[in-house]
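**Student:** upload-v3.pdb is reproduced in full below (PDB, C-alpha atoms).
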```
ATOM      1  CA  MET Y 145     -73.432 -41.485  29.189  1.00  0.00           C
ATOM      2  CA  LYS Y 146     -74.791 -38.117  30.291  1.00  0.00           C
ATOM      3  CA  LEU Y 147     -72.910 -35.047  29.125  1.00  0.00           C
ATOM      4  CA  SER Y 148     -72.020 -32.168  31.429  1.00  0.00           C
ATOM      5  CA  GLY Y 149     -73.647 -28.797  30.899  1.00  0.00           C
ATOM      6  CA  ASP Y 150     -70.587 -27.305  29.222  1.00  0.00           C
ATOM      7  CA  LEU Y 151     -70.410 -30.165  26.724  1.00  0.00           C
ATOM      8  CA  ARG Y 152     -74.129 -29.866  25.953  1.00  0.00           C
ATOM      9  CA  ALA Y 153     -73.523 -26.172  25.258  1.00  0.00           C
ATOM     10  CA  PHE Y 154     -70.588 -27.131  23.054  1.00  0.00           C
ATOM     11  CA  GLU Y 155     -72.869 -29.441  21.054  1.00  0.00           C
ATOM     12  CA  GLY Y 156     -74.982 -26.391  20.374  1.00  0.00           C
ATOM     13  CA  ARG Y 157     -71.983 -24.396  19.198  1.00  0.00           C
ATOM     14  CA  ILE Y 158     -70.927 -27.047  16.691  1.00  0.00           C
ATOM     15  CA  GLY Y 159     -74.481 -27.849  15.619  1.00  0.00           C
ATOM     16  CA  HIS Y 160     -74.393 -31.572  16.347  1.00  0.00           C
ATOM     17  CA  HIS Y 161     -76.082 -33.620  19.059  1.00  0.00           C
ATOM     18  CA  PHE Y 162     -74.157 -36.841  19.647  1.00  0.00           C
ATOM     19  CA  ALA Y 163     -75.976 -40.144  19.525  1.00  0.00           C
ATOM     20  CA  ASP Y 164     -72.905 -41.554  21.293  1.00  0.00           C
ATOM     21  CA  PRO Y 165     -71.817 -38.911  23.827  1.00  0.00           C
ATOM     22  CA  ALA Y 166     -68.719 -40.941  24.721  1.00  0.00           C
ATOM     23  CA  LEU Y 167     -67.224 -39.933  21.379  1.00  0.00           C
ATOM     24  CA  LEU Y 168     -67.390 -36.258  22.301  1.00  0.00           C
ATOM     25  CA  VAL Y 169     -65.925 -36.901  25.737  1.00  0.00           C
ATOM     26  CA  ARG Y 170     -63.005 -38.746  24.161  1.00  0.00           C
ATOM     27  CA  ALA Y 171     -62.511 -36.013  21.574  1.00  0.00           C
ATOM     28  CA  VAL Y 172     -61.988 -33.362  24.262  1.00  0.00           C
ATOM     29  CA  THR Y 173     -59.791 -35.511  26.528  1.00  0.00           C
ATOM     30  CA  HIS Y 174     -56.108 -34.633  26.257  1.00  0.00           C
ATOM     31  CA  ALA Y 175     -53.414 -37.251  26.785  1.00  0.00           C
ATOM     32  CA  SER Y 176     -52.553 -35.597  30.117  1.00  0.00           C
ATOM     33  CA  MET Y 177     -55.929 -36.827  31.408  1.00  0.00           C
ATOM     34  CA  SER Y 178     -55.850 -40.330  29.944  1.00  0.00           C
ATOM     35  CA  SER Y 179     -55.860 -43.435  32.124  1.00  0.00           C
ATOM     36  CA  ALA Y 180     -56.680 -47.120  31.940  1.00  0.00           C
ATOM     37  CA  ASN Y 181     -60.358 -46.194  32.153  1.00  0.00           C
ATOM     38  CA  ARG Y 182     -60.247 -42.986  30.101  1.00  0.00           C
ATOM     39  CA  ASP Y 183     -59.185 -42.819  26.436  1.00  0.00           C
ATOM     40  CA  ASP Y 184     -57.542 -39.668  25.103  1.00  0.00           C
ATOM     41  CA  ASN Y 185     -58.164 -37.993  21.753  1.00  0.00           C
ATOM     42  CA  GLN Y 186     -54.962 -38.937  19.910  1.00  0.00           C
ATOM     43  CA  ARG Y 187     -56.463 -41.673  17.741  1.00  0.00           C
ATOM     44  CA  LEU Y 188     -59.423 -39.455  16.907  1.00  0.00           C
ATOM     45  CA  GLU Y 189     -57.043 -36.654  15.978  1.00  0.00           C
ATOM     46  CA  PHE Y 190     -55.296 -39.009  13.517  1.00  0.00           C
ATOM     47  CA  LEU Y 191     -58.612 -39.813  11.843  1.00  0.00           C
ATOM     48  CA  GLY Y 192     -59.935 -36.260  11.928  1.00  0.00           C
ATOM     49  CA  ASP Y 193     -56.847 -34.954  10.172  1.00  0.00           C
ATOM     50  CA  ARG Y 194     -57.646 -37.236   7.229  1.00  0.00           C
ATOM     51  CA  VAL Y 195     -61.330 -36.299   7.155  1.00  0.00           C
ATOM     52  CA  LEU Y 196     -60.438 -32.608   7.214  1.00  0.00           C
ATOM     53  CA  GLY Y 197     -57.905 -33.103   4.434  1.00  0.00           C
ATOM     54  CA  LEU Y 198     -60.402 -34.853   2.180  1.00  0.00           C
ATOM     55  CA  VAL Y 199     -63.060 -32.186   2.728  1.00  0.00           C
ATOM     56  CA  MET Y 200     -60.619 -29.336   2.071  1.00  0.00           C
ATOM     57  CA  ALA Y 201     -59.211 -30.994  -1.046  1.00  0.00           C
ATOM     58  CA  GLN Y 202     -62.702 -31.427  -2.502  1.00  0.00           C
ATOM     59  CA  ALA Y 203     -63.720 -27.890  -1.529  1.00  0.00           C
ATOM     60  CA  LEU Y 204     -60.680 -26.422  -3.286  1.00  0.00           C
ATOM     61  CA  LEU Y 205     -61.338 -28.440  -6.427  1.00  0.00           C
ATOM     62  CA  ASP Y 206     -64.947 -27.265  -6.447  1.00  0.00           C
ATOM     63  CA  SER Y 207     -64.066 -23.613  -5.806  1.00  0.00           C
ATOM     64  CA  ASP Y 208     -61.497 -23.317  -8.622  1.00  0.00           C
ATOM     65  CA  LYS Y 209     -62.008 -25.838 -11.384  1.00  0.00           C
ATOM     66  CA  GLY Y 210     -59.128 -24.470 -13.440  1.00  0.00           C
ATOM     67  CA  ALA Y 211     -56.441 -24.492 -10.747  1.00  0.00           C
ATOM     68  CA  SER Y 212     -53.369 -26.669 -11.194  1.00  0.00           C
ATOM     69  CA  GLU Y 213     -51.972 -28.984  -8.533  1.00  0.00           C
ATOM     70  CA  GLY Y 214     -49.184 -26.471  -7.974  1.00  0.00           C
ATOM     71  CA  GLN Y 215     -51.762 -23.777  -7.190  1.00  0.00           C
ATOM     72  CA  LEU Y 216     -53.947 -26.020  -5.047  1.00  0.00           C
ATOM     73  CA  ALA Y 217     -51.209 -27.463  -2.823  1.00  0.00           C
ATOM     74  CA  PRO Y 218     -50.247 -24.251  -0.975  1.00  0.00           C
ATOM     75  CA  ARG Y 219     -53.912 -23.340  -0.526  1.00  0.00           C
ATOM     76  CA  PHE Y 220     -54.580 -26.772   0.941  1.00  0.00           C
ATOM     77  CA  ASN Y 221     -51.635 -26.464   3.321  1.00  0.00           C
ATOM     78  CA  ALA Y 222     -52.866 -23.072   4.506  1.00  0.00           C
ATOM     79  CA  LEU Y 223     -56.333 -24.451   5.270  1.00  0.00           C
ATOM     80  CA  VAL Y 224     -55.257 -27.547   7.209  1.00  0.00           C
ATOM     81  CA  ARG Y 225     -52.191 -26.245   9.072  1.00  0.00           C
ATOM     82  CA  LYS Y 226     -52.243 -26.147  12.854  1.00  0.00           C
ATOM     83  CA  GLU Y 227     -52.590 -22.360  13.001  1.00  0.00           C
ATOM     84  CA  THR Y 228     -55.821 -22.449  10.996  1.00  0.00           C
ATOM     85  CA  CYS Y 229     -57.200 -25.380  12.976  1.00  0.00           C
ATOM     86  CA  ALA Y 230     -56.432 -23.551  16.220  1.00  0.00           C
ATOM     87  CA  GLU Y 231     -58.200 -20.416  14.949  1.00  0.00           C
ATOM     88  CA  VAL Y 232     -61.345 -22.453  14.279  1.00  0.00           C
ATOM     89  CA  ALA Y 233     -61.060 -24.097  17.711  1.00  0.00           C
ATOM     90  CA  ARG Y 234     -60.899 -20.683  19.388  1.00  0.00           C
ATOM     91  CA  GLU Y 235     -63.939 -19.441  17.451  1.00  0.00           C
ATOM     92  CA  ILE Y 236     -66.073 -22.234  18.931  1.00  0.00           C
ATOM     93  CA  ASP Y 237     -64.478 -21.985  22.401  1.00  0.00           C
ATOM     94  CA  LEU Y 238     -63.176 -25.534  22.218  1.00  0.00           C
ATOM     95  CA  GLY Y 239     -60.472 -24.775  24.764  1.00  0.00           C
ATOM     96  CA  GLN Y 240     -63.077 -24.178  27.457  1.00  0.00           C
ATOM     97  CA  VAL Y 241     -64.338 -27.778  27.340  1.00  0.00           C
ATOM     98  CA  LEU Y 242     -61.018 -29.608  27.057  1.00  0.00           C
ATOM     99  CA  LYS Y 243     -60.256 -32.145  29.770  1.00  0.00           C
ATOM    100  CA  LEU Y 244     -56.655 -31.502  30.786  1.00  0.00           C
ATOM    101  CA  GLY Y 245     -54.288 -32.827  33.397  1.00  0.00           C
ATOM    102  CA  ARG Y 246     -53.025 -30.490  36.103  1.00  0.00           C
ATOM    103  CA  SER Y 247     -49.692 -29.828  34.377  1.00  0.00           C
ATOM    104  CA  GLU Y 248     -51.402 -28.770  31.154  1.00  0.00           C
ATOM    105  CA  MET Y 249     -53.883 -26.651  33.058  1.00  0.00           C
ATOM    106  CA  ILE Y 250     -51.069 -24.792  34.838  1.00  0.00           C
ATOM    107  CA  SER Y 251     -49.110 -24.273  31.614  1.00  0.00           C
ATOM    108  CA  GLY Y 252     -52.066 -22.703  29.806  1.00  0.00           C
ATOM    109  CA  GLY Y 253     -53.065 -25.727  27.750  1.00  0.00           C
ATOM    110  CA  ARG Y 254     -56.475 -24.296  26.859  1.00  0.00           C
ATOM    111  CA  ARG Y 255     -54.730 -21.640  24.776  1.00  0.00           C
ATOM    112  CA  LYS Y 256     -51.958 -23.721  23.198  1.00  0.00           C
ATOM    113  CA  GLN Y 257     -52.056 -23.718  19.421  1.00  0.00           C
ATOM    114  CA  ALA Y 258     -50.933 -27.309  18.884  1.00  0.00           C
ATOM    115  CA  LEU Y 259     -53.292 -28.653  21.523  1.00  0.00           C
ATOM    116  CA  LEU Y 260     -56.276 -26.746  20.099  1.00  0.00           C
ATOM    117  CA  GLY Y 261     -55.420 -27.781  16.550  1.00  0.00           C
ATOM    118  CA  ASP Y 262     -55.271 -31.437  17.540  1.00  0.00           C
ATOM    119  CA  ALA Y 263     -58.526 -31.174  19.486  1.00  0.00           C
ATOM    120  CA  ILE Y 264     -60.563 -29.734  16.620  1.00  0.00           C
ATOM    121  CA  GLU Y 265     -59.395 -32.627  14.437  1.00  0.00           C
ATOM    122  CA  ALA Y 266     -60.514 -35.038  17.153  1.00  0.00           C
ATOM    123  CA  VAL Y 267     -63.939 -33.374  17.266  1.00  0.00           C
ATOM    124  CA  ILE Y 268     -64.208 -33.722  13.485  1.00  0.00           C
ATOM    125  CA  ALA Y 269     -63.470 -37.439  13.776  1.00  0.00           C
ATOM    126  CA  ALA Y 270     -65.997 -37.831  16.583  1.00  0.00           C
ATOM    127  CA  VAL Y 271     -68.735 -36.284  14.447  1.00  0.00           C
ATOM    128  CA  TYR Y 272     -67.689 -38.441  11.482  1.00  0.00           C
ATOM    129  CA  LEU Y 273     -67.927 -41.641  13.550  1.00  0.00           C
ATOM    130  CA  ASP Y 274     -71.176 -40.553  15.182  1.00  0.00           C
ATOM    131  CA  ALA Y 275     -73.087 -39.380  12.103  1.00  0.00           C
ATOM    132  CA  GLY Y 276     -71.123 -40.110   8.935  1.00  0.00           C
ATOM    133  CA  PHE Y 277     -69.078 -38.242   6.384  1.00  0.00           C
ATOM    134  CA  GLU Y 278     -71.739 -35.847   5.096  1.00  0.00           C
ATOM    135  CA  THR Y 279     -72.486 -34.499   8.583  1.00  0.00           C
ATOM    136  CA  ALA Y 280     -68.777 -34.070   9.303  1.00  0.00           C
ATOM    137  CA  ARG Y 281     -68.253 -32.387   5.926  1.00  0.00           C
ATOM    138  CA  ASP Y 282     -71.095 -29.935   6.486  1.00  0.00           C
ATOM    139  CA  MET Y 283     -69.714 -29.014   9.893  1.00  0.00           C
ATOM    140  CA  ILE Y 284     -66.204 -28.493   8.539  1.00  0.00           C
ATOM    141  CA  LEU Y 285     -67.467 -26.270   5.734  1.00  0.00           C
ATOM    142  CA  ARG Y 286     -69.392 -24.179   8.267  1.00  0.00           C
ATOM    143  CA  PHE Y 287     -66.340 -23.843  10.489  1.00  0.00           C
ATOM    144  CA  TRP Y 288     -63.873 -23.003   7.716  1.00  0.00           C
ATOM    145  CA  GLY Y 289     -66.396 -20.866   5.830  1.00  0.00           C
ATOM    146  CA  ALA Y 290     -64.913 -17.868   4.025  1.00  0.00           C
ATOM    147  CA  ARG Y 291     -61.372 -19.125   4.584  1.00  0.00           C
ATOM    148  CA  ILE Y 292     -61.831 -21.408   1.589  1.00  0.00           C
ATOM    149  CA  ASP Y 293     -62.738 -18.466  -0.670  1.00  0.00           C
ATOM    150  CA  THR Y 294     -59.954 -16.201   0.589  1.00  0.00           C
ATOM    151  CA  VAL Y 295     -57.192 -18.794   1.045  1.00  0.00           C
ATOM    152  CA  GLU Y 296     -55.200 -17.520  -1.944  1.00  0.00           C
ATOM    153  CA  ASP Y 297     -54.253 -14.459   0.122  1.00  0.00           C
ATOM    154  CA  ASP Y 298     -52.814 -16.700   2.845  1.00  0.00           C
ATOM    155  CA  ALA Y 299     -51.504 -19.603   0.794  1.00  0.00           C
ATOM    156  CA  ARG Y 300     -47.817 -18.817   0.824  1.00  0.00           C
ATOM    157  CA  ASP Y 301     -45.921 -19.146   4.071  1.00  0.00           C
ATOM    158  CA  PRO Y 302     -44.653 -15.601   4.829  1.00  0.00           C
ATOM    159  CA  LYS Y 303     -41.231 -16.811   5.986  1.00  0.00           C
ATOM    160  CA  THR Y 304     -40.778 -18.774   2.764  1.00  0.00           C
ATOM    161  CA  ALA Y 305     -41.967 -15.811   0.689  1.00  0.00           C
ATOM    162  CA  LEU Y 306     -39.545 -13.455   2.452  1.00  0.00           C
ATOM    163  CA  GLN Y 307     -36.655 -15.850   1.948  1.00  0.00           C
ATOM    164  CA  GLU Y 308     -37.517 -16.141  -1.750  1.00  0.00           C
ATOM    165  CA  TRP Y 309     -37.616 -12.337  -1.976  1.00  0.00           C
ATOM    166  CA  ALA Y 310     -34.130 -12.141  -0.480  1.00  0.00           C
ATOM    167  CA  GLN Y 311     -32.728 -14.928  -2.666  1.00  0.00           C
ATOM    168  CA  ALA Y 312     -34.056 -13.272  -5.813  1.00  0.00           C
ATOM    169  CA  ARG Y 313     -31.926 -10.239  -4.909  1.00  0.00           C
ATOM    170  CA  LYS Y 314     -28.903 -12.358  -4.005  1.00  0.00           C
ATOM    171  CA  LEU Y 315     -29.224 -11.519  -0.305  1.00  0.00           C
ATOM    172  CA  ASN Y 316     -28.614 -13.854   2.608  1.00  0.00           C
ATOM    173  CA  PRO Y 317     -31.721 -15.358   4.238  1.00  0.00           C
ATOM    174  CA  PRO Y 318     -33.475 -13.054   6.733  1.00  0.00           C
ATOM    175  CA  LYS Y 319     -32.695 -13.392  10.415  1.00  0.00           C
ATOM    176  CA  TYR Y 320     -35.296 -13.648  13.176  1.00  0.00           C
ATOM    177  CA  LEU Y 321     -34.378 -12.098  16.500  1.00  0.00           C
ATOM    178  CA  GLN Y 322     -36.367 -12.249  19.706  1.00  0.00           C
ATOM    179  CA  THR Y 323     -36.464  -8.692  21.047  1.00  0.00           C
ATOM    180  CA  ALA Y 324     -38.867  -9.121  23.958  1.00  0.00           C
ATOM    181  CA  ARG Y 325     -40.836 -11.608  25.996  1.00  0.00           C
ATOM    182  CA  SER Y 326     -43.658 -10.764  28.373  1.00  0.00           C
ATOM    183  CA  GLY Y 327     -46.502 -12.447  30.226  1.00  0.00           C
ATOM    184  CA  PRO Y 328     -46.441 -15.318  32.722  1.00  0.00           C
ATOM    185  CA  ASP Y 329     -44.646 -18.585  32.013  1.00  0.00           C
ATOM    186  CA  HIS Y 330     -47.907 -20.378  31.239  1.00  0.00           C
ATOM    187  CA  ALA Y 331     -48.958 -17.736  28.676  1.00  0.00           C
ATOM    188  CA  PRO Y 332     -45.860 -16.048  27.231  1.00  0.00           C
ATOM    189  CA  VAL Y 333     -45.957 -13.393  24.532  1.00  0.00           C
ATOM    190  CA  PHE Y 334     -42.999 -13.058  22.160  1.00  0.00           C
ATOM    191  CA  THR Y 335     -41.825 -10.124  20.062  1.00  0.00           C
ATOM    192  CA  ILE Y 336     -39.726 -11.149  17.070  1.00  0.00           C
ATOM    193  CA  ALA Y 337     -37.981  -8.937  14.517  1.00  0.00           C
ATOM    194  CA  ALA Y 338     -37.437 -10.118  10.939  1.00  0.00           C
ATOM    195  CA  ARG Y 339     -34.306  -8.451   9.575  1.00  0.00           C
ATOM    196  CA  LEU Y 340     -32.557  -8.378   6.203  1.00  0.00           C
ATOM    197  CA  GLU Y 341     -28.819  -7.828   5.815  1.00  0.00           C
ATOM    198  CA  THR Y 342     -29.606  -4.537   4.039  1.00  0.00           C
ATOM    199  CA  GLY Y 343     -31.111  -3.177   7.262  1.00  0.00           C
ATOM    200  CA  GLU Y 344     -34.828  -3.408   6.589  1.00  0.00           C
ATOM    201  CA  GLU Y 345     -36.766  -4.993   9.424  1.00  0.00           C
ATOM    202  CA  ALA Y 346     -40.219  -5.372  10.938  1.00  0.00           C
ATOM    203  CA  ALA Y 347     -41.374  -6.754  14.268  1.00  0.00           C
ATOM    204  CA  ALA Y 348     -44.484  -8.553  15.471  1.00  0.00           C
ATOM    205  CA  THR Y 349     -45.861  -9.954  18.700  1.00  0.00           C
ATOM    206  CA  ALA Y 350     -47.670 -13.286  19.172  1.00  0.00           C
ATOM    207  CA  PRO Y 351     -48.264 -16.033  21.773  1.00  0.00           C
ATOM    208  CA  SER Y 352     -45.659 -18.325  20.157  1.00  0.00           C
ATOM    209  CA  LYS Y 353     -42.259 -17.741  18.568  1.00  0.00           C
ATOM    210  CA  ARG Y 354     -43.361 -19.357  15.312  1.00  0.00           C
ATOM    211  CA  ALA Y 355     -46.463 -17.196  15.034  1.00  0.00           C
ATOM    212  CA  ALA Y 356     -44.440 -14.068  15.826  1.00  0.00           C
ATOM    213  CA  GLU Y 357     -41.850 -14.970  13.177  1.00  0.00           C
ATOM    214  CA  GLN Y 358     -44.602 -15.505  10.603  1.00  0.00           C
ATOM    215  CA  ALA Y 359     -46.244 -12.214  11.478  1.00  0.00           C
ATOM    216  CA  ALA Y 360     -42.913 -10.351  11.375  1.00  0.00           C
ATOM    217  CA  ALA Y 361     -42.101 -11.824   7.956  1.00  0.00           C
ATOM    218  CA  ARG Y 362     -45.544 -10.842   6.693  1.00  0.00           C
ATOM    219  CA  ALA Y 363     -45.100  -7.301   8.006  1.00  0.00           C
ATOM    220  CA  LEU Y 364     -41.662  -6.961   6.403  1.00  0.00           C
ATOM    221  CA  LEU Y 365     -42.959  -8.225   3.069  1.00  0.00           C
ATOM    222  CA  ALA Y 366     -45.731  -5.650   3.170  1.00  0.00           C
ATOM    223  CA  GLN Y 367     -43.193  -2.963   4.013  1.00  0.00           C
ATOM    224  CA  LEU Y 368     -40.924  -3.974   1.133  1.00  0.00           C
ATOM    225  CA  GLU Y 369     -43.842  -4.044  -1.324  1.00  0.00           C
ATOM    226  CA  ASN Y 370     -44.827  -0.512  -0.322  1.00  0.00           C
ATOM    227  CA  ASP Y 371     -41.321   0.908  -0.606  1.00  0.00           C
ATOM    228  CA  PRO Y 372     -40.726   2.908  -3.791  1.00  0.00           C
TER     229      PRO Y 372
END
```
For this file, produce the structure as structure tokens.
**Tutor:**
Amino acid sequence: MKLSGDLRAFEGRIGHHFADPALLVRAVTHASMSSANRDDNQRLEFLGDRVLGLVMAQALLDSDKGASEGQLAPRFNALVRKETCAEVAREIDLGQVLKLGRSEMISGGRRKQALLGDAIEAVIAAVYLDAGFETARDMILRFWGARIDTVEDDARDPKTALQEWAQARKLNPPKYLQTARSGPDHAPVFTIAARLETGEEAAATAPSKRAAEQAAARALLAQLENDP
């Protein structure tokens, strides 16, 4: 199988030339483009998730030999969650080479967090099947890079941390209110305010409600920590 020019360029971005190009084609094929003669990337995504998890678990053990399981678990979750996977996918322009059906194209599939996160896991699996675990591991460590060293700063989910802050002060859980929505239907942008019953609040804007809620919670936590 001969790869298109954009997929050859993508090989350069990830630093791997496929001995079996069909693996890469399958890795970038979304279910909206699957057919009897074209496999999608869902099975590869399943495998890639496990390869990524093993590599991240080993990397965390190596980076902090004294950490307990309770310390390692939130760091691991932060490194393998969909938001982080999607960030890596955007950094290598994975969205530009995805093969999507018309409905996904119209709805902005190339920018969707879940779709990008699944696709990078499929690419990881494709490299693993094409060249083995060590090659896949080296690629993952390049992609995730400094995130492994700085993950402690991002290990706790901000919404969980804000709720724990409120509970410790015997307050009701924070509320999240959508205050604005802009952009076209295929690429909406949401503004969400995180608000405590005592009146403190902070707002943030992001391409998804979940990301906006996380950002708003993070902003409110920072605000509360800076208050005298």
**Student:** Please report, as a tab-separated table, each residue of region 221-268 of chain Y lying at most 8 Å from region 181-190 of chain Y, together with the nearest pair of atoms and the separation in Å rounded to one decimal; use all atoms listed in the file, and order rows by chain and ascending residue number.
**Tutor:**
```
residue	atom	partner	partner_atom	distance
Y:Asp262	CA	Y:Glu189	CA	5.7
Y:Ala263	CA	Y:Glu189	CA	6.7
Y:Ile264	CA	Y:Glu189	CA	7.8
Y:Glu265	CA	Y:Glu189	CA	4.9
Y:Ala266	CA	Y:Glu189	CA	4.0
Y:Val267	CA	Y:Leu188	CA	7.6
```
**Student:** Go ahead and fit an axis-aligned box to every listed atom of region 147-163 of chain Y plus 6 Å each side, and pass me the centre and edge lengths in Å, one decimal, as lines of an AutoDock Vina configuration file.
**Tutor:**
```
center_x = -73.2
center_y = -32.3
center_z = 23.5
size_x = 17.7
size_y = 27.7
size_z = 27.8
```
**Student:** Check what the PyMOL selection byres ((chain Y and resi 326) around 12) selects in the file above and give those residues as a list in words.
**Tutor:**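 Going through the file, the PyMOL selection byres ((chain Y and resi 326) around 12) ends up selecting Gln322, Thr323, Ala324, Arg325, Gly327, Pro328, Asp329, His330, Ala331, Pro332, Val333, Phe334, Thr335, Ile336, Thr349, Ala350, Pro351 and Ser352 of chain Y.
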**Student:** Those residues with C-alpha atoms, as a short mmCIF file (atom, residue, chain, number, x, y, z; two decimals), in the frame of the given file please?
**Tutor:**
```
data_model
loop_
_atom_site.label_atom_id
_atom_site.label_comp_id
_atom_site.auth_asym_id
_atom_site.auth_seq_id
_atom_site.Cartn_x
_atom_site.Cartn_y
_atom_site.Cartn_z
CA GLN Y 322 -36.37 -12.25 19.71
CA THR Y 323 -36.46 -8.69 21.05
CA ALA Y 324 -38.87 -9.12 23.96
CA ARG Y 325 -40.84 -11.61 26.00
CA GLY Y 327 -46.50 -12.45 30.23
CA PRO Y 328 -46.44 -15.32 32.72
CA ASP Y 329 -44.65 -18.58 32.01
CA HIS Y 330 -47.91 -20.38 31.24
CA ALA Y 331 -48.96 -17.74 28.68
CA PRO Y 332 -45.86 -16.05 27.23
CA VAL Y 333 -45.96 -13.39 24.53
CA PHE Y 334 -43.00 -13.06 22.16
CA THR Y 335 -41.82 -10.12 20.06
CA ILE Y 336 -39.73 -11.15 17.07
CA THR Y 349 -45.86 -9.95 18.70
CA ALA Y 350 -47.67 -13.29 19.17
CA PRO Y 351 -48.26 -16.03 21.77
CA SER Y 352 -45.66 -18.32 20.16
#
```
**Student:** Would you mind reading off the distance between CA of Ala359 (chain Y) and CA of Ala337 (chain Y), one decimal, in Å?
**Tutor:**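 Interatomic distance here is 9.4 Å.
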**Student:** Please evaluate the PyMOL selection byres ((chain Y and resi 279) around 12) against the structure above and give the resulting residues as a ChimeraX atom specification.
**Tutor:** /Y:158-162,195,199,268-278,280-286
**Student:** If I take CA of Glu296 (chain Y) and CA of Arg219 (chain Y), how far is one from the other in Å, to one decimal?
**Tutor:**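 Atom-to-atom, CA of Glu296 (chain Y) to CA of Arg219 (chain Y), that is 6.1 Å.
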**Student:** Which of these residues is nearest to Gly149 (chain Y), using all atoms listed in the file: Y:Asn221, Y:Val241, Y:Arg362, Y:Tyr320?
**Tutor:**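 Among the listed residues, Y:Val241 lies closest to Gly149 (chain Y).
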**Student:** I want to know what sits within 12 Å of Thr342 (chain Y), based on only C-alpha atoms, with residues of the same chain fewer than 4 positions away left out; could you give that as a PDB file with C-alpha atoms, keeping the file's coordinate frame?
**Tutor:**
```pdb
ATOM      1  CA  ALA Y 310     -34.130 -12.141  -0.480  1.00  0.00           C
ATOM      2  CA  ARG Y 313     -31.926 -10.239  -4.909  1.00  0.00           C
ATOM      3  CA  LYS Y 314     -28.903 -12.358  -4.005  1.00  0.00           C
ATOM      4  CA  LEU Y 315     -29.224 -11.519  -0.305  1.00  0.00           C
ATOM      5  CA  ASN Y 316     -28.614 -13.854   2.608  1.00  0.00           C
ATOM      6  CA  PRO Y 317     -31.721 -15.358   4.238  1.00  0.00           C
ATOM      7  CA  PRO Y 318     -33.475 -13.054   6.733  1.00  0.00           C
ATOM      8  CA  LYS Y 319     -32.695 -13.392  10.415  1.00  0.00           C
ATOM      9  CA  ALA Y 338     -37.437 -10.118  10.939  1.00  0.00           C
ATOM     10  CA  LEU Y 368     -40.924  -3.974   1.133  1.00  0.00           C
TER      11      LEU Y 368
END
```
**Student:** Considering all atoms listed in the file, can you say which of Y:Ser179, Y:Ala201, Y:Ala153, Y:Val295 comes closest to Glu213 (chain Y)?
**Tutor:**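 Comparing Y:Ser179, Y:Ala201, Y:Ala153, Y:Val295 against Glu213 (chain Y), the winner is Y:Ala201.
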**Student:** Please write the residues picked by the PyMOL selection byres ((chain Y and resi 226-231) around 12) on this file as a PyMOL selection string.
**Tutor:** chain Y and resi 189+192-193+196-197+219-225+232-239+254-268+284+287-289+291-292+295+298-299+301+351-352+354-356+358
**Student:** So which residues touch Gln367 (chain Y) within 9 Å, counting all atoms listed in the file, skipping near sequence neighbours fewer than 3 positions away, as JSON, numbers by chain?
**Tutor:** {"Y": [344, 345, 346, 362, 363, 364, 370, 371]}
**Student:** Between CA of Met145 (chain Y) and CA of Ala163 (chain Y), what is the spacing in Å?
**Tutor:**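 Separation between CA of Ala163 (chain Y) and CA of Met145 (chain Y): 10.1 Å.
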**Student:** Please, which residues in region 215-323 of chain Y fall within 10 Å of region 208-211 of chain Y when counting only C-alpha atoms, and what is the closest atom pair and distance in Å to one decimal for each, ordered by chain then residue number, as a Markdown table?
**Tutor:**
```
| residue | atom | partner | partner_atom | distance |
| --- | --- | --- | --- | --- |
| Y:Gln215 | CA | Y:Ala211 | CA | 5.9 |
| Y:Leu216 | CA | Y:Ala211 | CA | 6.4 |
| Y:Ala217 | CA | Y:Ala211 | CA | 9.9 |
| Y:Asp293 | CA | Y:Asp208 | CA | 9.4 |
```
**Student:** Counting all atoms listed in the file, figure out which residue out of Y:Ala203, Y:Ala312, Y:Ala366, Y:Leu306 gets nearest to Leu340 (chain Y).
**Tutor:** Y:Leu306
**Student:** I need the residue nearest Ala305 (chain Y) from this list: Y:Pro218, Y:Ala180, Y:Ala171, Y:Asp150. Use only C-alpha atoms for the distance.
**Tutor:** Y:Pro218
**Student:** Let me make sure I understand: among Y:Leu167, Y:Lys303, Y:Ser176, Y:Phe154, which one has the smallest atom-to-atom distance to Ile250 (chain Y) if we use only C-alpha atoms?
**Tutor:**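 Smallest distance to Ile250 (chain Y) is found for Y:Ser176.
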